[in-house]
Amino acid sequence: MISSISYSFSRRQFLGKTARLAAIPLVGPFLKMPTVAPAWTMRLSASSINYSKLSIEEACQRIGKLGFEGIDIWSAYTGCPHLDDALKRLGSEGLKTLLAKHHVRLNAFSVYIGGYARYAELLGQCGGGVAIQSSAGPCKPQELGRRMKEFFESLKPALELCERYNTQLAIENHGSALLDSVDSIKAFVDLNVHPRLGIALAPYHIQVLGASVEEAIQACGQQLFFFYAWQHAPDTQQLPGLGKTDFVPWLRALVKINYRGYINPFMHQEPAPEAMDLALAK
């Protein structure tokens, strides 16, 4: 049971620590930014798939108890039951009640399995947010512009749903995909003219390519809708603060583009729930 776990800090202390960390990049000499720069606050969310063996109620309870402000609810990737359970059993009112009980806000639906259309109405009824999906198959560099335009054309029905339900659609970069490299991110941004379409940036996959995460953040600019705080490392070292990657330059880059979305610590192949709690807390 989560109540039996002894944390080294309370929810209030956790939020205080993250607020102080968020303030660090705003120090003028540290960032070489003017001291009159507008305030930037780090908002943290967590993904329900990191508790995929638990019910959505238990996942929300643990994420809320750890002090995360937002939640990213996953569909059936690797069998995660949460989003389909919310759709079929809870409905919008039940999901809103559950989130309010644990003091977490709906940040995103990850719809890699099932697609956005299946969950669009639920996302809208719950107050809106970001739906995250993959792009398309890889292409040769000389085909990038044409393939990206074709991909945008295929998204028109989904973007009409975004308009109807007041939501956004974010495309994740991934290895061996249309949206993978910094160059493909630049092509996406240059060609995209829809205000509800943007990018969910996964630094893990940028690092696999040996590319600069800071450059990728800069390339996304105002089209960055979701940010995975996720490094290329084994096991729980994928999480910020546990592996070798220094996340401060990433935070600086997010401040520079005035990113207003959530930062979402993330990993795949999650450990048992109690170990996941401790890793996220750290």
# chains A, B, ... in the order shown; residues from 1 in each chain; ligands from 1
$ closest_atom_pairs --of "segment 122-215 of chain A" --to "segment 64-81 of chain A" --cutoff "10 Å" --atoms "only C-alpha atoms" --output "CSV"
residue,atom,partner,partner_atom,distance
A:Gly129,CA,A:Asp72,CA,9.5
A:Val130,CA,A:Asp72,CA,8.9
A:Ala131,CA,A:Asp72,CA,9.2
A:Ile132,CA,A:Trp74,CA,9.4
$ residues_around --residues "segment 91-101 of chain A" --least-positions-apart "2" --cutoff "10 Å" --atoms "only C-alpha atoms" --output "MDAnalysis selection string"
chainID A and resid 56:57 60:61 64 70:71 83:89 103:106 121:127
$ residues_around --residues "segment 249-261 of chain A" --least-positions-apart "6" --cutoff "7 Å" --atoms "only C-alpha atoms" --output "count of residues only"
10
$ atom_distance --atom1 "atom CA of Ala211 of chain A" --atom2 "atom CA of Leu44 of chain A"
24.8 Å
$ select_by_dssp --residues "segment 34-282 of chain A" --states "alpha helix (DSSP H)" --output "ChimeraX atom specification"
/A:56-65,82-85,91-101,116-125,144-154,156-165,182-191,203-208,213-220,248-256,273-281
$ select_by_dssp --residues "segment 209-271 of chain A" --states "strand (DSSP E)" --output "list in words"
Leu224, Phe225, Phe226, Phe227, Tyr228, Ala229, Ile263, Asn264 and Pro265 of chain A
$ closest_residue --among "A:Gly198, A:Pro157, A:Gly115, A:Pro203" --to "Leu169 of chain A" --atoms "only C-alpha atoms"
A:Gly198
$ closest_residue --among "A:Pro138, A:Pro195, A:Gly210, A:Gly243" --to "Leu179 of chain A" --atoms "only C-alpha atoms"
A:Pro138
$ atom_distance --atom1 "atom CA of His174 of chain A" --atom2 "atom CA of His205 of chain A"
5.7 Å
$ atom_distance --atom1 "atom CA of Pro265 of chain A" --atom2 "atom CA of Asp180 of chain A"
20.0 Å
